[in-house]
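Engineer: One file is attached below, final35.pdb, containing PDB, C-alpha atoms.
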```
ATOM      1  CA  MET A   1      59.363 121.862  89.268
ATOM      2  CA  LYS A   2      56.291 123.276  91.011
ATOM      3  CA  ILE A   3      55.562 122.018  94.542
ATOM      4  CA  TYR A   4      52.255 122.592  96.291
ATOM      5  CA  CYS A   5      51.131 121.501  99.779
ATOM      6  CA  GLU A   6      47.543 121.230 100.904
ATOM      7  CA  PRO A   7      45.983 119.984 104.138
ATOM      8  CA  PHE A   8      45.215 116.264 103.981
ATOM      9  CA  ASN A   9      41.536 115.732 103.221
ATOM     10  CA  ILE A  10      40.106 112.258 103.869
ATOM     11  CA  THR A  11      37.571 112.501 101.056
ATOM     12  CA  LYS A  12      40.038 113.786  98.483
ATOM     13  CA  HIS A  13      43.292 112.083  99.514
ATOM     14  CA  PHE A  14      42.648 108.848 101.433
ATOM     15  CA  LYS A  15      42.183 106.657  98.346
ATOM     16  CA  ILE A  16      45.483 107.959  96.931
ATOM     17  CA  LEU A  17      47.336 107.202 100.179
ATOM     18  CA  ASP A  18      45.726 103.765 100.451
ATOM     19  CA  GLY A  19      46.899 102.921  96.923
ATOM     20  CA  TRP A  20      50.473 103.897  97.775
ATOM     21  CA  LEU A  21      50.401 101.772 100.940
ATOM     22  CA  GLU A  22      48.996  98.808  99.028
ATOM     23  CA  SER A  23      51.669  99.167  96.322
ATOM     24  CA  ARG A  24      54.361  99.245  98.990
ATOM     25  CA  LYS A  25      52.854  96.253 100.826
ATOM     26  CA  ALA A  26      52.770  98.458 103.932
ATOM     27  CA  TYR A  27      50.241  98.566 106.732
ATOM     28  CA  ARG A  28      47.030 100.016 105.302
ATOM     29  CA  THR A  29      45.566 102.404 107.829
ATOM     30  CA  SER A  30      41.846 103.023 108.136
ATOM     31  CA  GLU A  31      40.285 106.432 107.645
ATOM     32  CA  HIS A  32      39.606 106.565 111.390
ATOM     33  CA  GLU A  33      43.323 106.269 112.196
ATOM     34  CA  ILE A  34      44.323 109.353 110.188
ATOM     35  CA  PRO A  35      45.426 112.227 112.484
ATOM     36  CA  ASP A  36      43.713 115.606 112.242
ATOM     37  CA  VAL A  37      46.855 117.343 110.964
ATOM     38  CA  GLY A  38      48.252 116.087 107.691
ATOM     39  CA  VAL A  39      49.521 117.202 104.310
ATOM     40  CA  MET A  40      49.416 116.034 100.703
ATOM     41  CA  VAL A  41      52.287 117.335  98.595
ATOM     42  CA  TYR A  42      51.975 117.724  94.846
ATOM     43  CA  VAL A  43      54.862 118.018  92.409
ATOM     44  CA  ASP A  44      53.927 119.416  89.012
ATOM     45  CA  GLY A  45      50.271 118.731  89.777
ATOM     46  CA  LYS A  46      50.733 115.076  90.783
ATOM     47  CA  PRO A  47      50.360 113.790  94.364
ATOM     48  CA  VAL A  48      53.762 112.608  95.578
ATOM     49  CA  CYS A  49      53.860 112.564  99.394
ATOM     50  CA  ALA A  50      51.609 112.482 102.453
ATOM     51  CA  ALA A  51      52.606 112.980 106.093
ATOM     52  CA  PHE A  52      50.862 113.481 109.424
ATOM     53  CA  LEU A  53      51.350 114.988 112.853
ATOM     54  CA  ARG A  54      50.096 112.630 115.572
ATOM     55  CA  LYS A  55      49.791 114.225 119.014
ATOM     56  CA  VAL A  56      51.358 112.219 121.850
ATOM     57  CA  GLU A  57      52.161 112.875 125.519
ATOM     58  CA  GLY A  58      54.252 115.730 126.866
ATOM     59  CA  ASN A  59      52.942 118.374 124.458
ATOM     60  CA  THR A  60      54.823 116.679 121.640
ATOM     61  CA  ALA A  61      53.754 115.046 118.422
ATOM     62  CA  GLN A  62      55.093 112.362 116.155
ATOM     63  CA  LEU A  63      55.863 112.855 112.492
ATOM     64  CA  ASP A  64      53.824 109.907 111.319
ATOM     65  CA  GLY A  65      52.755 108.052 108.217
ATOM     66  CA  LEU A  66      55.170 109.715 105.812
ATOM     67  CA  THR A  67      54.431 107.914 102.556
ATOM     68  CA  THR A  68      55.456 108.631  98.989
ATOM     69  CA  ASN A  69      54.066 107.744  95.611
ATOM     70  CA  PRO A  70      56.105 104.708  94.494
ATOM     71  CA  GLU A  71      55.685 105.760  90.856
ATOM     72  CA  ALA A  72      57.196 109.235  91.375
ATOM     73  CA  SER A  73      60.822 109.865  90.517
ATOM     74  CA  PRO A  74      63.391 109.817  93.327
ATOM     75  CA  GLU A  75      63.977 113.550  92.810
ATOM     76  CA  ASP A  76      60.249 114.332  93.091
ATOM     77  CA  ARG A  77      59.932 112.137  96.191
ATOM     78  CA  HIS A  78      62.925 113.865  97.798
ATOM     79  CA  LYS A  79      61.544 117.362  97.156
ATOM     80  CA  ALA A  80      58.064 116.335  98.301
ATOM     81  CA  ILE A  81      59.407 114.843 101.548
ATOM     82  CA  GLU A  82      61.293 118.080 102.252
ATOM     83  CA  SER A  83      58.097 120.065 101.719
ATOM     84  CA  ALA A  84      56.005 117.679 103.826
ATOM     85  CA  VAL A  85      58.397 117.854 106.783
ATOM     86  CA  ASN A  86      58.519 121.652 106.540
ATOM     87  CA  TYR A  87      54.710 121.814 106.428
ATOM     88  CA  ILE A  88      54.316 119.491 109.432
ATOM     89  CA  THR A  89      56.952 121.464 111.363
ATOM     90  CA  GLU A  90      55.104 124.726 110.764
ATOM     91  CA  GLU A  91      51.800 123.158 111.843
ATOM     92  CA  ALA A  92      53.457 121.926 115.063
ATOM     93  CA  LYS A  93      54.761 125.436 115.731
ATOM     94  CA  LYS A  94      51.255 126.874 115.265
ATOM     95  CA  LEU A  95      50.008 124.356 117.850
ATOM     96  CA  LYS A  96      52.796 125.518 120.207
ATOM     97  CA  LEU A  97      54.045 121.964 120.637
ATOM     98  CA  PHE A  98      57.247 121.304 122.582
ATOM     99  CA  GLY A  99      58.717 119.164 119.846
ATOM    100  CA  ILE A 100      58.314 116.532 117.163
ATOM    101  CA  ILE A 101      59.541 112.973 117.476
ATOM    102  CA  ALA A 102      60.085 110.532 114.637
ATOM    103  CA  HIS A 103      61.466 107.053 114.199
ATOM    104  CA  THR A 104      62.833 105.200 111.208
ATOM    105  CA  GLU A 105      65.207 102.408 110.241
ATOM    106  CA  ASP A 106      66.274 104.267 107.086
ATOM    107  CA  LEU A 107      69.669 105.932 107.622
ATOM    108  CA  THR A 108      69.060 108.303 104.707
ATOM    109  CA  VAL A 109      65.982 109.595 106.528
ATOM    110  CA  VAL A 110      68.002 109.943 109.742
ATOM    111  CA  SER A 111      70.674 111.952 107.908
ATOM    112  CA  ARG A 112      68.100 114.193 106.261
ATOM    113  CA  ALA A 113      66.302 114.797 109.585
ATOM    114  CA  LEU A 114      69.542 115.720 111.343
ATOM    115  CA  TYR A 115      71.161 117.873 108.688
ATOM    116  CA  HIS A 116      68.229 119.453 106.876
ATOM    117  CA  HIS A 117      65.466 119.749 109.457
ATOM    118  CA  GLY A 118      67.216 120.264 112.801
ATOM    119  CA  PHE A 119      66.224 117.011 114.490
ATOM    120  CA  ILE A 120      68.603 115.714 117.161
ATOM    121  CA  LEU A 121      69.376 112.197 118.318
ATOM    122  CA  SER A 122      67.702 111.543 121.641
ATOM    123  CA  ARG A 123      69.338 109.706 124.520
ATOM    124  CA  GLU A 124      66.084 107.855 125.106
ATOM    125  CA  VAL A 125      65.614 104.386 123.676
ATOM    126  CA  VAL A 126      62.442 103.480 121.818
ATOM    127  CA  LEU A 127      61.003 100.266 123.228
ATOM    128  CA  VAL A 128      58.512  98.176 121.259
ATOM    129  CA  LEU A 129      56.392  95.319 122.554
ATOM    130  CA  PRO A 130      55.415  93.248 119.500
ATOM    131  CA  LEU A 131      51.819  92.019 119.650
ATOM    132  CA  ASN A 132      49.877  89.469 117.646
ATOM    133  CA  GLY A 133      52.924  88.139 115.821
ATOM    134  CA  SER A 134      54.029  91.551 114.561
ATOM    135  CA  ASN A 135      57.623  92.668 114.811
TER     136      ASN A 135
END
```
Write the structure described by the file as structure tokens, please.
Structural biologist:
Amino acid sequence: MKIYCEPFNITKHFKILDGWLESRKAYRTSEHEIPDVGVMVYVDGKPVCAAFLRKVEGNTAQLDGLTTNPEASPEDRHKAIESAVNYITEEAKKLKLFGIIAHTEDLTVVSRALYHHGFILSREVVLVLPLNGSN
């Protein structure tokens, strides 16, 4: 299995990401919403995962928009996610950020973040104000 990461390029990668989001019936972001720092991960020459680093307050950033190719195998998706998180972490270090935050409902993702990537559980609570009928 050969894994390759390259910086996310709107022209080259956006249509791929948009197709994955459409297939997953997920929110389809616009090109203008894509953060400056992102990655596309290939496994054996096929695009499998995209992820982004969105700068927020306090010299931190959010691991954002992690999306995988729904047609890729679970093993390929797993390896690509590992590579994407490692890539984003290294980019955050280069930017001398204080830390990376992330949120998810998926307990598998929580476990992976804690045990494989060094994330910690924060004492802070994430509050959300739903707008326009969203939840």
Engineer: Using the chain letters and residue numbers of this document, give as a list of chain:residue names the residues selected by the PyMOL selection byres ((chain A and resi 97) around 12).
Structural biologist: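 With the shown file as input, the PyMOL selection byres ((chain A and resi 97) around 12) matches A:Leu53, A:Arg54, A:Lys55, A:Val56, A:Glu57, A:Gly58, A:Asn59, A:Thr60, A:Ala61, A:Gln62, A:Ile88, A:Thr89, A:Glu90, A:Glu91, A:Ala92, A:Lys93, A:Lys94, A:Leu95, A:Lys96, A:Phe98, A:Gly99, A:Ile100, A:Ile101.
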Engineer: Nearest to A:Ser73: which of A:Gly38, A:Arg123, A:Cys49, A:Thr11 is it, counting only C-alpha atoms?
Structural biologist: A:Cys49
Engineer: Might you pull out every residue within 9 Å of A:Ser83, with only C-alpha atoms counted and same-chain residues fewer than 4 positions away left off, and present them as an NGL selection string?
Structural biologist: :A and (3-5 or 41 or 49 or 78-79 or 87-88)
Engineer: Atom CA of A:Glu75 to atom CA of A:Ile34: how many Å, to one decimal?
Structural biologist: 26.6 Å
Engineer: For the file shown, what are the residues hit by the PyMOL selection byres ((chain A and resi 67) around 7), laid out as a PyMOL selection string?
Structural biologist: chain A and resi 49-51+65-66+68-69
Engineer: To one decimal place in Å, what is the distance between atom CA of A:Leu21 and atom CA of A:Leu121?
Structural biologist: 27.8 Å
Engineer: Could you add the missing atoms to stretch 64-87 of chain A, up to N, CA and C atoms, and return them as a PDB file, keeping the file's coordinate frame?
Structural biologist:
```
ATOM      1  N   ASP A  64      54.361 111.246 111.494  1.00  0.00           N
ATOM      2  CA  ASP A  64      53.824 109.907 111.319  1.00  0.00           C
ATOM      3  C   ASP A  64      53.323 109.688 109.896  1.00  0.00           C
ATOM      4  N   GLY A  65      53.388 108.448 109.461  1.00  0.00           N
ATOM      5  CA  GLY A  65      52.755 108.052 108.217  1.00  0.00           C
ATOM      6  C   GLY A  65      53.325 108.687 106.964  1.00  0.00           C
ATOM      7  N   LEU A  66      54.572 109.114 107.002  1.00  0.00           N
ATOM      8  CA  LEU A  66      55.170 109.715 105.812  1.00  0.00           C
ATOM      9  C   LEU A  66      55.241 108.646 104.726  1.00  0.00           C
ATOM     10  N   THR A  67      54.533 108.888 103.642  1.00  0.00           N
ATOM     11  CA  THR A  67      54.431 107.914 102.556  1.00  0.00           C
ATOM     12  C   THR A  67      54.573 108.638 101.234  1.00  0.00           C
ATOM     13  N   THR A  68      55.290 108.020 100.303  1.00  0.00           N
ATOM     14  CA  THR A  68      55.456 108.631  98.989  1.00  0.00           C
ATOM     15  C   THR A  68      54.853 107.758  97.893  1.00  0.00           C
ATOM     16  N   ASN A  69      54.585 108.407  96.797  1.00  0.00           N
ATOM     17  CA  ASN A  69      54.066 107.744  95.611  1.00  0.00           C
ATOM     18  C   ASN A  69      55.183 106.890  95.015  1.00  0.00           C
ATOM     19  N   PRO A  70      55.025 105.564  95.002  1.00  0.00           N
ATOM     20  CA  PRO A  70      56.105 104.708  94.494  1.00  0.00           C
ATOM     21  C   PRO A  70      56.392 104.904  93.011  1.00  0.00           C
ATOM     22  N   GLU A  71      55.476 105.540  92.282  1.00  0.00           N
ATOM     23  CA  GLU A  71      55.685 105.760  90.856  1.00  0.00           C
ATOM     24  C   GLU A  71      56.369 107.096  90.558  1.00  0.00           C
ATOM     25  N   ALA A  72      56.535 107.937  91.571  1.00  0.00           N
ATOM     26  CA  ALA A  72      57.196 109.235  91.375  1.00  0.00           C
ATOM     27  C   ALA A  72      58.704 109.027  91.281  1.00  0.00           C
ATOM     28  N   SER A  73      59.365 109.952  90.646  1.00  0.00           N
ATOM     29  CA  SER A  73      60.822 109.865  90.517  1.00  0.00           C
ATOM     30  C   SER A  73      61.480 110.097  91.875  1.00  0.00           C
ATOM     31  N   PRO A  74      62.686 109.570  92.065  1.00  0.00           N
ATOM     32  CA  PRO A  74      63.391 109.817  93.327  1.00  0.00           C
ATOM     33  C   PRO A  74      63.551 111.309  93.626  1.00  0.00           C
ATOM     34  N   GLU A  75      63.818 112.111  92.612  1.00  0.00           N
ATOM     35  CA  GLU A  75      63.977 113.550  92.810  1.00  0.00           C
ATOM     36  C   GLU A  75      62.661 114.175  93.299  1.00  0.00           C
ATOM     37  N   ASP A  76      61.543 113.799  92.671  1.00  0.00           N
ATOM     38  CA  ASP A  76      60.249 114.332  93.091  1.00  0.00           C
ATOM     39  C   ASP A  76      59.901 113.886  94.510  1.00  0.00           C
ATOM     40  N   ARG A  77      60.198 112.629  94.825  1.00  0.00           N
ATOM     41  CA  ARG A  77      59.932 112.137  96.191  1.00  0.00           C
ATOM     42  C   ARG A  77      60.769 112.904  97.203  1.00  0.00           C
ATOM     43  N   HIS A  78      62.039 113.131  96.898  1.00  0.00           N
ATOM     44  CA  HIS A  78      62.925 113.865  97.798  1.00  0.00           C
ATOM     45  C   HIS A  78      62.386 115.273  98.059  1.00  0.00           C
ATOM     46  N   LYS A  79      62.048 115.988  97.012  1.00  0.00           N
ATOM     47  CA  LYS A  79      61.544 117.362  97.156  1.00  0.00           C
ATOM     48  C   LYS A  79      60.212 117.370  97.910  1.00  0.00           C
ATOM     49  N   ALA A  80      59.361 116.398  97.632  1.00  0.00           N
ATOM     50  CA  ALA A  80      58.064 116.335  98.301  1.00  0.00           C
ATOM     51  C   ALA A  80      58.214 116.023  99.792  1.00  0.00           C
ATOM     52  N   ILE A  81      59.152 115.150 100.134  1.00  0.00           N
ATOM     53  CA  ILE A  81      59.407 114.843 101.548  1.00  0.00           C
ATOM     54  C   ILE A  81      59.894 116.096 102.270  1.00  0.00           C
ATOM     55  N   GLU A  82      60.803 116.837 101.650  1.00  0.00           N
ATOM     56  CA  GLU A  82      61.293 118.080 102.252  1.00  0.00           C
ATOM     57  C   GLU A  82      60.126 119.027 102.532  1.00  0.00           C
ATOM     58  N   SER A  83      59.249 119.174 101.564  1.00  0.00           N
ATOM     59  CA  SER A  83      58.097 120.065 101.719  1.00  0.00           C
ATOM     60  C   SER A  83      57.131 119.559 102.784  1.00  0.00           C
ATOM     61  N   ALA A  84      56.917 118.251 102.828  1.00  0.00           N
ATOM     62  CA  ALA A  84      56.005 117.679 103.826  1.00  0.00           C
ATOM     63  C   ALA A  84      56.528 117.907 105.239  1.00  0.00           C
ATOM     64  N   VAL A  85      57.812 117.662 105.449  1.00  0.00           N
ATOM     65  CA  VAL A  85      58.397 117.854 106.783  1.00  0.00           C
ATOM     66  C   VAL A  85      58.337 119.330 107.177  1.00  0.00           C
ATOM     67  N   ASN A  86      58.616 120.217 106.248  1.00  0.00           N
ATOM     68  CA  ASN A  86      58.519 121.652 106.540  1.00  0.00           C
ATOM     69  C   ASN A  86      57.086 122.045 106.894  1.00  0.00           C
ATOM     70  N   TYR A  87      56.125 121.525 106.167  1.00  0.00           N
ATOM     71  CA  TYR A  87      54.710 121.814 106.428  1.00  0.00           C
ATOM     72  C   TYR A  87      54.317 121.327 107.822  1.00  0.00           C
TER      73      TYR A  87
END
```
